[in-house]
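Below is upload.tsv, which holds TSV, C-alpha atoms.
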```
chain	number	residue	atom	x	y	z
A	1	MET	CA	20.22	-61.91	-2.27
A	2	ILE	CA	19.13	-63.34	-5.60
A	3	ALA	CA	18.15	-66.93	-6.43
A	4	LEU	CA	18.13	-68.30	-9.98
A	5	ALA	CA	15.69	-71.15	-9.50
A	6	GLY	CA	14.78	-74.23	-11.47
A	7	GLY	CA	17.59	-74.15	-14.02
A	8	ASP	CA	20.14	-76.77	-14.98
A	9	LEU	CA	23.35	-75.87	-13.13
A	10	VAL	CA	26.60	-76.98	-14.76
A	11	LEU	CA	28.77	-77.79	-11.76
A	12	PRO	CA	32.38	-79.01	-11.80
A	13	ASP	CA	31.32	-82.63	-11.28
A	14	GLY	CA	28.08	-82.80	-13.26
A	15	VAL	CA	24.78	-81.14	-14.14
A	16	LEU	CA	22.27	-80.42	-11.37
A	17	ARG	CA	18.87	-80.51	-13.05
A	18	GLY	CA	16.27	-78.10	-11.73
A	19	GLY	CA	18.53	-76.65	-9.06
A	20	THR	CA	18.85	-73.19	-7.56
A	21	LEU	CA	21.86	-70.90	-7.46
A	22	VAL	CA	21.82	-68.34	-4.64
A	23	ILE	CA	23.87	-65.17	-5.00
A	24	ASP	CA	24.71	-62.70	-2.26
A	25	GLY	CA	26.47	-59.60	-3.51
A	26	ASP	CA	29.25	-60.64	-5.86
A	27	ARG	CA	29.53	-64.30	-4.86
A	28	VAL	CA	27.71	-67.60	-4.92
A	29	VAL	CA	26.55	-68.54	-1.42
A	30	SER	CA	24.53	-71.67	-2.04
A	31	VAL	CA	23.83	-74.37	-4.62
A	32	GLU	CA	20.47	-75.99	-3.85
A	33	PRO	CA	19.36	-79.32	-5.31
A	34	ARG	CA	15.81	-78.19	-6.00
A	35	ALA	CA	13.88	-75.21	-7.31
A	36	ILE	CA	12.46	-72.72	-4.82
A	37	ASP	CA	9.55	-70.39	-5.50
A	38	ARG	CA	9.98	-68.03	-2.57
A	39	ALA	CA	12.24	-67.41	0.41
A	40	ALA	CA	12.45	-64.64	2.98
A	41	GLY	CA	14.82	-61.88	1.94
A	42	ILE	CA	15.63	-63.48	-1.44
A	43	ASP	CA	14.68	-62.20	-4.89
A	44	VAL	CA	13.71	-65.47	-6.58
A	45	ARG	CA	13.90	-65.48	-10.37
A	46	SER	CA	12.86	-68.39	-12.52
A	47	ALA	CA	15.56	-70.10	-14.58
A	48	ALA	CA	13.27	-72.91	-15.71
A	49	GLY	CA	14.28	-74.23	-19.12
A	50	LEU	CA	17.66	-72.51	-18.93
A	51	THR	CA	21.20	-73.79	-18.39
A	52	ILE	CA	23.60	-71.87	-16.15
A	53	VAL	CA	27.35	-72.22	-16.73
A	54	PRO	CA	30.31	-70.33	-15.30
A	55	GLY	CA	31.05	-67.17	-17.27
A	56	PHE	CA	33.42	-67.79	-20.15
A	57	ILE	CA	37.08	-66.74	-19.84
A	58	ASP	CA	38.99	-66.12	-23.08
A	59	VAL	CA	42.77	-65.98	-22.62
A	60	HIS	CA	43.42	-65.12	-26.26
A	61	VAL	CA	41.28	-62.40	-27.85
A	62	HIS	CA	42.55	-59.51	-29.97
A	63	GLY	CA	39.27	-57.70	-30.39
A	64	VAL	CA	35.59	-57.91	-31.24
A	65	ALA	CA	32.87	-56.08	-33.15
A	66	GLY	CA	35.17	-53.68	-34.99
A	67	THR	CA	37.61	-52.84	-32.18
A	68	ASP	CA	41.18	-54.16	-31.88
A	69	VAL	CA	42.90	-53.89	-28.50
A	70	LEU	CA	45.74	-51.94	-30.16
A	71	ASP	CA	43.37	-49.31	-31.59
A	72	GLY	CA	44.26	-46.76	-28.91
A	73	ALA	CA	43.88	-45.69	-25.31
A	74	HIS	CA	40.20	-46.67	-25.02
A	75	ALA	CA	40.25	-49.85	-27.09
A	76	VAL	CA	40.66	-52.38	-24.25
A	77	ALA	CA	37.72	-50.87	-22.35
A	78	ALA	CA	35.63	-50.94	-25.52
A	79	VAL	CA	36.36	-54.64	-26.06
A	80	ALA	CA	35.58	-55.35	-22.39
A	81	ALA	CA	32.20	-53.65	-22.80
A	82	ARG	CA	31.25	-55.72	-25.85
A	83	LEU	CA	32.30	-59.22	-24.76
A	84	PRO	CA	29.57	-59.95	-22.16
A	85	ARG	CA	26.92	-60.31	-24.87
A	86	TYR	CA	28.78	-63.50	-25.83
A	87	GLY	CA	28.86	-64.84	-22.26
A	88	VAL	CA	32.44	-63.67	-21.60
A	89	THR	CA	32.95	-62.45	-18.04
A	90	ALA	CA	36.77	-62.17	-18.06
A	91	PHE	CA	39.48	-62.06	-20.73
A	92	CYS	CA	43.14	-61.49	-21.45
A	93	PRO	CA	43.47	-58.63	-23.97
A	94	THR	CA	45.86	-60.01	-26.56
A	95	ALA	CA	48.26	-57.93	-28.63
A	96	VAL	CA	50.27	-58.83	-31.70
A	97	ALA	CA	53.92	-57.77	-31.97
A	98	CYS	CA	54.15	-53.99	-32.00
A	99	THR	CA	56.45	-51.03	-31.31
A	100	PRO	CA	57.46	-50.07	-27.76
A	101	ASP	CA	55.20	-47.00	-27.90
A	102	ALA	CA	52.20	-49.05	-29.00
A	103	LEU	CA	52.95	-51.64	-26.31
A	104	GLU	CA	53.15	-48.89	-23.66
A	105	THR	CA	49.79	-47.48	-24.75
A	106	PHE	CA	48.21	-50.94	-24.77
A	107	LEU	CA	49.49	-51.94	-21.33
A	108	ASP	CA	48.44	-48.60	-19.89
A	109	ALA	CA	44.94	-49.25	-21.26
A	110	VAL	CA	44.96	-52.74	-19.73
A	111	GLU	CA	45.94	-51.34	-16.34
A	112	ARG	CA	43.29	-48.62	-16.39
A	113	ALA	CA	40.53	-50.99	-17.50
A	114	HIS	CA	41.55	-53.46	-14.79
A	115	LEU	CA	41.78	-50.95	-11.95
A	116	SER	CA	38.69	-48.93	-12.93
A	117	PRO	CA	36.29	-51.38	-14.55
A	118	ALA	CA	33.18	-50.00	-16.16
A	119	TRP	CA	29.90	-51.44	-14.96
A	120	GLY	CA	28.67	-54.18	-17.27
A	121	SER	CA	32.09	-54.90	-18.75
A	122	ALA	CA	34.02	-58.15	-18.69
A	123	ARG	CA	36.81	-58.38	-16.14
A	124	VAL	CA	40.14	-57.35	-17.67
A	125	LEU	CA	42.83	-59.87	-16.74
A	126	PRO	CA	46.58	-59.41	-17.32
A	127	ALA	CA	47.44	-59.17	-21.00
A	128	HIS	CA	48.57	-61.87	-23.37
A	129	LEU	CA	51.41	-60.74	-25.62
A	130	GLU	CA	52.04	-62.57	-28.87
A	131	SER	CA	55.39	-60.98	-28.49
A	132	ASN	CA	58.10	-59.56	-30.70
A	133	PHE	CA	60.18	-62.69	-30.02
A	134	ILE	CA	58.45	-65.14	-32.36
A	135	ASN	CA	59.92	-66.92	-35.38
A	136	PRO	CA	59.60	-64.89	-38.62
A	137	ALA	CA	59.16	-68.10	-40.61
A	138	TRP	CA	56.09	-68.98	-38.50
A	139	LYS	CA	54.71	-65.48	-37.95
A	140	GLY	CA	51.42	-65.86	-39.81
A	141	ALA	CA	49.69	-62.48	-39.70
A	142	GLN	CA	52.13	-61.03	-37.18
A	143	PRO	CA	53.97	-57.92	-38.49
A	144	GLY	CA	57.44	-59.05	-39.54
A	145	GLU	CA	58.89	-55.56	-39.18
A	146	CYS	CA	58.28	-55.71	-35.42
A	147	LEU	CA	59.98	-59.05	-34.75
A	148	ARG	CA	63.25	-59.09	-32.81
A	149	VAL	CA	65.84	-61.46	-31.35
A	150	PHE	CA	66.58	-61.41	-27.63
A	151	ARG	CA	69.59	-59.23	-26.76
A	152	ALA	CA	70.40	-58.49	-30.42
A	153	PRO	CA	71.11	-54.78	-31.05
A	154	ALA	CA	68.82	-52.89	-33.41
A	155	ASP	CA	69.99	-52.46	-37.00
A	156	PRO	CA	70.13	-48.66	-37.33
A	157	ASP	CA	69.57	-48.84	-41.09
A	158	ARG	CA	66.17	-50.50	-40.82
A	159	GLU	CA	65.08	-50.76	-37.18
A	160	THR	CA	63.98	-48.06	-34.77
A	161	PHE	CA	63.91	-50.24	-31.65
A	162	SER	CA	65.53	-53.35	-30.22
A	163	GLY	CA	64.27	-56.33	-28.29
A	164	ASP	CA	65.68	-54.72	-25.15
A	165	ASP	CA	63.39	-51.73	-25.73
A	166	ILE	CA	60.40	-54.08	-25.72
A	167	LEU	CA	61.62	-55.83	-22.57
A	168	ARG	CA	62.03	-52.50	-20.77
A	169	VAL	CA	58.37	-51.69	-21.39
A	170	LEU	CA	57.35	-55.20	-20.39
A	171	HIS	CA	59.35	-54.99	-17.17
A	172	ALA	CA	57.97	-51.58	-16.24
A	173	ARG	CA	54.42	-52.86	-16.81
A	174	ARG	CA	55.02	-56.45	-15.67
A	175	ASP	CA	52.01	-56.61	-13.33
A	176	GLY	CA	49.74	-56.12	-16.34
A	177	VAL	CA	51.28	-58.92	-18.41
A	178	GLY	CA	50.13	-62.48	-17.81
A	179	ILE	CA	51.10	-64.60	-20.81
A	180	VAL	CA	54.05	-64.01	-23.16
A	181	THR	CA	54.22	-66.04	-26.37
A	182	LEU	CA	57.64	-66.60	-27.90
A	183	ALA	CA	59.66	-68.96	-30.09
A	184	PRO	CA	62.25	-70.61	-27.82
A	185	GLU	CA	64.41	-71.91	-30.68
A	186	LEU	CA	65.56	-68.41	-31.62
A	187	PRO	CA	69.01	-67.26	-30.43
A	188	GLY	CA	68.86	-66.64	-26.69
A	189	GLY	CA	65.37	-68.11	-26.55
A	190	LEU	CA	65.92	-70.33	-23.53
A	191	ASP	CA	67.51	-67.47	-21.61
A	192	LEU	CA	64.45	-65.36	-22.43
A	193	VAL	CA	62.16	-68.14	-21.20
A	194	ARG	CA	64.00	-68.21	-17.87
A	195	LEU	CA	63.99	-64.42	-17.56
A	196	LEU	CA	60.25	-64.13	-18.14
A	197	ARG	CA	59.49	-67.12	-15.93
A	198	ASP	CA	61.51	-65.59	-13.10
A	199	ARG	CA	59.58	-62.33	-13.50
A	200	GLY	CA	56.35	-64.21	-12.89
A	201	HIS	CA	54.94	-64.42	-16.41
A	202	VAL	CA	53.32	-67.47	-17.97
A	203	VAL	CA	55.72	-68.30	-20.80
A	204	SER	CA	54.04	-69.75	-23.86
A	205	LEU	CA	55.40	-71.46	-26.96
A	206	GLY	CA	53.84	-70.20	-30.15
A	207	HIS	CA	54.57	-69.04	-33.69
A	208	SER	CA	57.50	-71.38	-33.42
A	209	GLY	CA	59.55	-73.71	-35.58
A	210	ALA	CA	60.91	-75.57	-32.54
A	211	THR	CA	61.63	-79.26	-32.97
A	212	TYR	CA	60.43	-81.87	-30.51
A	213	GLU	CA	63.79	-81.77	-28.71
A	214	GLN	CA	63.90	-77.96	-28.65
A	215	THR	CA	60.37	-77.83	-27.25
A	216	ARG	CA	61.26	-80.29	-24.50
A	217	ALA	CA	64.25	-78.11	-23.59
A	218	ALA	CA	62.00	-75.05	-23.50
A	219	ILE	CA	59.55	-76.81	-21.20
A	220	ALA	CA	62.43	-77.72	-18.90
A	221	ALA	CA	63.46	-74.04	-18.91
A	222	GLY	CA	60.00	-72.82	-17.90
A	223	VAL	CA	57.53	-72.90	-20.79
A	224	SER	CA	54.16	-73.86	-19.26
A	225	HIS	CA	51.67	-72.79	-21.92
A	226	ALA	CA	51.15	-73.34	-25.65
A	227	THR	CA	49.56	-70.68	-27.86
A	228	HIS	CA	46.86	-71.96	-30.23
A	229	LEU	CA	48.02	-75.57	-30.30
A	230	PHE	CA	48.44	-76.99	-33.85
A	231	ASN	CA	48.42	-73.54	-35.48
A	232	ARG	CA	51.73	-71.89	-36.40
A	233	MET	CA	53.97	-74.51	-34.82
A	234	THR	CA	55.77	-77.63	-36.03
A	235	PRO	CA	53.22	-80.40	-36.50
A	236	LEU	CA	53.01	-83.93	-35.12
A	237	THR	CA	54.16	-86.62	-37.55
A	238	HIS	CA	55.05	-90.25	-37.00
A	239	ARG	CA	58.79	-89.65	-37.47
A	240	GLU	CA	59.10	-86.17	-35.97
A	241	PRO	CA	56.74	-85.36	-33.09
A	242	GLY	CA	57.43	-81.63	-33.42
A	243	ALA	CA	56.30	-78.98	-30.97
A	244	VAL	CA	52.77	-80.39	-31.03
A	245	GLY	CA	53.98	-83.80	-29.87
A	246	ALA	CA	56.06	-82.35	-27.05
A	247	VAL	CA	53.15	-80.21	-25.83
A	248	LEU	CA	50.65	-83.06	-25.98
A	249	GLU	CA	52.84	-85.37	-23.90
A	250	SER	CA	53.85	-82.84	-21.23
A	251	ALA	CA	51.92	-82.59	-17.99
A	252	ALA	CA	53.74	-79.30	-17.32
A	253	VAL	CA	52.12	-77.47	-20.23
A	254	ALA	CA	48.56	-76.24	-20.65
A	255	ALA	CA	47.48	-75.59	-24.21
A	256	GLU	CA	45.05	-73.28	-25.97
A	257	VAL	CA	42.98	-74.56	-28.88
A	258	ILE	CA	41.07	-72.32	-31.28
A	259	CYS	CA	37.59	-73.83	-31.24
A	260	ASP	CA	35.93	-72.27	-34.27
A	261	GLY	CA	35.71	-75.52	-36.24
A	262	PHE	CA	38.03	-74.09	-38.91
A	263	HIS	CA	41.47	-73.56	-37.39
A	264	VAL	CA	41.36	-77.05	-35.83
A	265	HIS	CA	39.04	-79.84	-36.94
A	266	PRO	CA	36.57	-80.92	-34.23
A	267	ALA	CA	37.98	-84.47	-34.30
A	268	ILE	CA	41.45	-83.10	-33.50
A	269	VAL	CA	40.02	-80.96	-30.71
A	270	ARG	CA	38.50	-84.13	-29.23
A	271	LEU	CA	41.83	-85.94	-29.57
A	272	ALA	CA	43.59	-83.08	-27.75
A	273	VAL	CA	41.03	-83.22	-24.94
A	274	ASP	CA	41.56	-86.97	-24.61
A	275	LEU	CA	45.37	-86.66	-24.60
A	276	LYS	CA	45.83	-83.55	-22.45
A	277	GLY	CA	42.77	-83.85	-20.25
A	278	PRO	CA	40.40	-80.92	-19.64
A	279	ALA	CA	42.57	-79.61	-16.78
A	280	ARG	CA	45.36	-78.81	-19.26
A	281	LEU	CA	43.38	-77.58	-22.24
A	282	MET	CA	41.54	-74.32	-22.72
A	283	ALA	CA	39.24	-73.21	-25.50
A	284	ILE	CA	40.01	-69.83	-27.06
A	285	THR	CA	38.59	-67.73	-29.86
A	286	ASP	CA	41.77	-66.02	-31.12
A	287	GLY	CA	39.05	-63.52	-31.95
A	288	THR	CA	39.84	-60.34	-33.83
A	289	ALA	CA	38.08	-57.05	-34.44
A	290	ALA	CA	36.40	-58.95	-37.28
A	291	SER	CA	34.53	-61.16	-34.80
A	292	GLY	CA	30.83	-60.42	-34.80
A	293	LEU	CA	30.97	-58.62	-38.17
A	294	SER	CA	29.34	-59.77	-41.42
A	295	PRO	CA	31.36	-61.38	-44.26
A	296	GLY	CA	33.17	-58.80	-46.36
A	297	SER	CA	33.46	-56.32	-43.49
A	298	ARG	CA	36.83	-54.75	-42.77
A	299	ALA	CA	38.59	-54.15	-39.47
A	300	MET	CA	42.14	-53.80	-38.11
A	301	LEU	CA	44.65	-56.12	-36.44
A	302	GLY	CA	47.60	-54.32	-34.91
A	303	GLY	CA	47.22	-51.42	-37.32
A	304	ARG	CA	46.84	-53.54	-40.45
A	305	PRO	CA	43.60	-54.07	-42.38
A	306	ILE	CA	41.85	-57.44	-42.15
A	307	VAL	CA	38.81	-58.73	-43.99
A	308	VAL	CA	36.00	-60.96	-42.74
A	309	ALA	CA	36.13	-64.14	-44.84
A	310	PRO	CA	33.45	-66.85	-44.55
A	311	GLN	CA	35.37	-68.85	-41.90
A	312	SER	CA	38.13	-66.59	-40.61
A	313	ALA	CA	39.77	-63.19	-40.67
A	314	GLN	CA	42.39	-62.57	-43.36
A	315	LEU	CA	44.98	-59.98	-44.26
A	316	GLU	CA	44.40	-58.33	-47.60
A	317	ASP	CA	46.84	-60.80	-49.20
A	318	GLY	CA	44.77	-63.75	-47.97
A	319	THR	CA	46.97	-64.71	-45.01
A	320	LEU	CA	44.93	-66.24	-42.18
A	321	ALA	CA	44.70	-63.58	-39.47
A	322	GLY	CA	42.87	-65.03	-36.50
A	323	SER	CA	39.26	-66.04	-36.12
A	324	ILE	CA	35.85	-64.42	-36.37
A	325	THR	CA	34.26	-66.59	-33.69
A	326	THR	CA	32.99	-65.67	-30.22
A	327	MET	CA	32.94	-67.69	-27.00
A	328	ASP	CA	29.25	-68.54	-27.18
A	329	ARG	CA	29.89	-70.20	-30.54
A	330	VAL	CA	32.97	-71.93	-29.13
A	331	PHE	CA	30.89	-73.48	-26.35
A	332	ARG	CA	28.23	-74.69	-28.79
A	333	MET	CA	30.91	-76.15	-31.05
A	334	LEU	CA	32.47	-78.09	-28.17
A	335	VAL	CA	29.12	-79.60	-27.19
A	336	ARG	CA	27.58	-80.20	-30.60
A	337	GLU	CA	30.51	-80.93	-32.91
A	338	VAL	CA	33.20	-82.19	-30.55
A	339	GLY	CA	30.65	-84.06	-28.43
A	340	LEU	CA	31.82	-82.96	-25.00
A	341	PRO	CA	29.52	-83.17	-21.96
A	342	LEU	CA	28.43	-79.78	-20.63
A	343	PRO	CA	30.74	-79.89	-17.56
A	344	VAL	CA	33.77	-80.65	-19.73
A	345	ALA	CA	32.94	-77.89	-22.20
A	346	ALA	CA	32.50	-75.49	-19.25
A	347	ARG	CA	35.86	-76.54	-17.89
A	348	LEU	CA	37.59	-75.74	-21.19
A	349	CYS	CA	35.79	-72.41	-21.56
A	350	ALA	CA	35.99	-71.21	-17.97
A	351	THR	CA	37.52	-73.33	-15.22
A	352	THR	CA	40.85	-74.29	-16.77
A	353	PRO	CA	41.61	-70.74	-17.99
A	354	ALA	CA	40.85	-69.43	-14.49
A	355	ASP	CA	43.00	-72.06	-12.82
A	356	ARG	CA	45.97	-71.55	-15.14
A	357	LEU	CA	45.85	-67.81	-14.42
A	358	HIS	CA	45.54	-68.47	-10.65
A	359	ARG	CA	42.05	-66.90	-10.50
A	360	ARG	CA	40.40	-69.74	-8.60
A	361	ARG	CA	37.33	-67.74	-7.56
A	362	LEU	CA	36.47	-67.45	-11.24
A	363	GLY	CA	35.34	-70.04	-13.75
A	364	ARG	CA	33.16	-72.32	-11.59
A	365	LEU	CA	29.74	-72.63	-9.98
A	366	THR	CA	30.68	-73.40	-6.38
A	367	VAL	CA	30.04	-71.81	-3.00
A	368	ASP	CA	32.26	-68.72	-2.48
A	369	ALA	CA	33.06	-68.46	-6.19
A	370	ALA	CA	32.54	-65.14	-7.94
A	371	ALA	CA	29.00	-64.85	-9.28
A	372	ASP	CA	30.09	-64.65	-12.93
A	373	LEU	CA	27.59	-66.59	-15.04
A	374	ALA	CA	26.42	-67.25	-18.57
A	375	VAL	CA	22.78	-68.30	-18.85
A	376	LEU	CA	21.90	-70.32	-21.94
A	377	ASP	CA	18.64	-71.28	-23.61
A	378	GLY	CA	17.79	-74.72	-24.95
A	379	ALA	CA	19.83	-74.09	-28.10
A	380	LEU	CA	22.85	-73.03	-25.97
A	381	ASN	CA	22.51	-69.39	-26.98
A	382	VAL	CA	23.56	-66.85	-24.34
A	383	VAL	CA	20.46	-65.07	-23.04
A	384	GLN	CA	21.91	-63.55	-19.85
A	385	THR	CA	25.37	-62.69	-18.56
A	386	TRP	CA	26.07	-61.98	-14.90
A	387	ILE	CA	29.27	-60.39	-13.61
A	388	ALA	CA	29.96	-60.02	-9.89
A	389	GLY	CA	26.37	-60.91	-9.07
A	390	ARG	CA	24.70	-58.42	-11.43
A	391	ARG	CA	23.00	-59.09	-14.72
A	392	VAL	CA	24.67	-57.00	-17.41
A	393	GLY	CA	23.75	-55.88	-20.91
A	394	GLU	CA	21.01	-57.06	-23.19
A	395	HIS	CA	21.08	-60.19	-25.35
```
Mind turning the file's structure into structure tokens?
Amino acid sequence: MIALAGGDLVLPDGVLRGGTLVIDGDRVVSVEPRAIDRAAGIDVRSAAGLTIVPGFIDVHVHGVAGTDVLDGAHAVAAVAARLPRYGVTAFCPTAVACTPDALETFLDAVERAHLSPAWGSARVLPAHLESNFINPAWKGAQPGECLRVFRAPADPDRETFSGDDILRVLHARRDGVGIVTLAPELPGGLDLVRLLRDRGHVVSLGHSGATYEQTRAAIAAGVSHATHLFNRMTPLTHREPGAVGAVLESAAVAAEVICDGFHVHPAIVRLAVDLKGPARLMAITDGTAASGLSPGSRAMLGGRPIVVAPQSAQLEDGTLAGSITTMDRVFRMLVREVGLPLPVAARLCATTPADRLHRRRLGRLTVDAAADLAVLDGALNVVQTWIAGRRVGEH
């Protein structure tokens, strides 16, 4: 057994100053209200001056430190190995629209990394697909040549695969797919929502030109998630609430928000927290292989080159192509710039993502929870990461 003693413990209902977290194997067995200096059979380690939060869970991350999850058979495992230095203990590998062969390779890599995790790596959760079924007019950096319409046959003059080919791969690998992002306003979109919902996937609205009314219809059909709220979807205005308005008002939908301070202004993040509540909002990075690299560096996103700009990743033509942030920076932004209390920031970065993915042993500091932790210094920098009760990596 191990005790982290004398630290500030960020619990679901508040901060326990100078408390002790006791770990036995891979789980938390006790939360004590005071520091201890010794106990029989327990390895007591001082956490004085440190803050302990549940390990961060990122449900939308394409890559980090030069590796994109679509880079090949070993890419998902490589990303999993690099994320703990940023306090991430679990993540959904996230793929842009791609060919059936690339999707098969990616989902095989997700399955292998999940079933045979490497020591010291973040837990690999079911994948998030920013799928082939998004709106071309709202695609952003998604590859237009890979976009398809549900049940539409392939055009033999310019297409080598159909939407049905993608769905066959997805069905064969369905246990490895958690979230599927789509545009429900496309032809057959609501039928696709129902199909994916019935197969057990979390269906997410994103890269979508859906109106307020179309979004409400999609929610009624089974959409329960929104991909990077505010970005690449119809905006909220006073005459047309758009997809944003429908998501903000719906208790049935949980929403992601990119919390890098660039994609969404901190004041709007705070407004979303106030409107949705922390139980229906989750902080994401939308991180790419450019995350953690210096400005001017180059990486890949789904096989296409991206460049590290001062505040984001970009395609070579300047199109915004995801973020360059990491979850440690997201947490600091929520506390310092958005002004959230530590327990609320922890909920957005860990608890809500875990709950929405039905992983209720993750994302919280409570008795019987998994001992997945991020330990922060006084400046909220990650100095230790613990996964399944073991300290991993160097920071």
Residues within 10 Å of (29.4, -59.4, -26.3), counting only C-alpha atoms, listed as number ranges by chain: A: 64-65, 79-89, 121-122, 292, 326-328, 382, 385, 393-395
Spatial neighbours of Glu130 in chain A, max dist 7 Å, all atoms listed in the file, sep filter under 6 positions, as an MDAnalysis selection string: chainID A and resid 95:97 180:182
For the contact check between range 102-188 of chain A and range 353-361 of chain A, emit one row per residue of range 102-188 of chain A within 9 Å, containing the shortest atom pair and the distance in Å rounded to one decimal, counting all atoms listed in the file, chain then rising number order, as a Markdown table.
```
| residue | atom | partner | partner_atom | distance |
| --- | --- | --- | --- | --- |
| A:Leu125 | CA | A:Leu357 | CA | 8.8 |
| A:Pro126 | CA | A:Leu357 | CA | 8.9 |
| A:Gly178 | CA | A:Leu357 | CA | 7.6 |
| A:Ile179 | CA | A:Leu357 | CA | 8.9 |
```
Write a file of the selected residues as an mmCIF file, in the coordinates of the input, keeping C-alpha atoms.
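The resulting file, part-v7.cif, is reproduced below:
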```cif
data_model
loop_
_atom_site.group_PDB
_atom_site.id
_atom_site.type_symbol
_atom_site.label_atom_id
_atom_site.label_comp_id
_atom_site.auth_asym_id
_atom_site.auth_seq_id
_atom_site.Cartn_x
_atom_site.Cartn_y
_atom_site.Cartn_z
ATOM 1 C CA LEU A 125 42.830 -59.870 -16.740
ATOM 2 C CA PRO A 126 46.580 -59.410 -17.320
ATOM 3 C CA GLY A 178 50.130 -62.480 -17.810
ATOM 4 C CA ILE A 179 51.100 -64.600 -20.810
#
```
Distance of CA of Ala77 in chain A from CA of Val110 in chain A, expressed in Å to one decimal place: 7.9 Å
CA of Gly66 in chain A to CA of Ala290 in chain A, straight-line distance in Å: 5.9 Å
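When CA of Ala75 in chain A is paired with CA of Ser323 in chain A, their separation reads 18.6 Å.
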Shell of 10 Å around range 254-257 of chain A, all atoms listed in the file, local chain residues under 3 positions omitted, as a VMD selection string: chain A and resid 58 to 60 204 to 205 223 to 231 244 247 to 248 250 to 251 260 263 to 264 268 to 269 272 to 273 276 to 286 348 352 to 353 356
Selected residue of minimal separation from Arg216 in chain A among A:Leu186, A:Leu236, A:Val253, A:Ala47, counting all atoms listed in the file: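 Once distances to Arg216 in chain A are computed over all atoms listed in the file, the minimum belongs to A:Val253.
Across A:Ser116, A:Ser297, A:Gln384, A:Thr99, the tightest approach to Gly144 in chain A is made by A:Thr99 when counting only C-alpha atoms.
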Contacts of Leu334 in chain A at 10 Å (only C-alpha atoms; same-chain gap of 2+ positions) as a count of residues only: 23
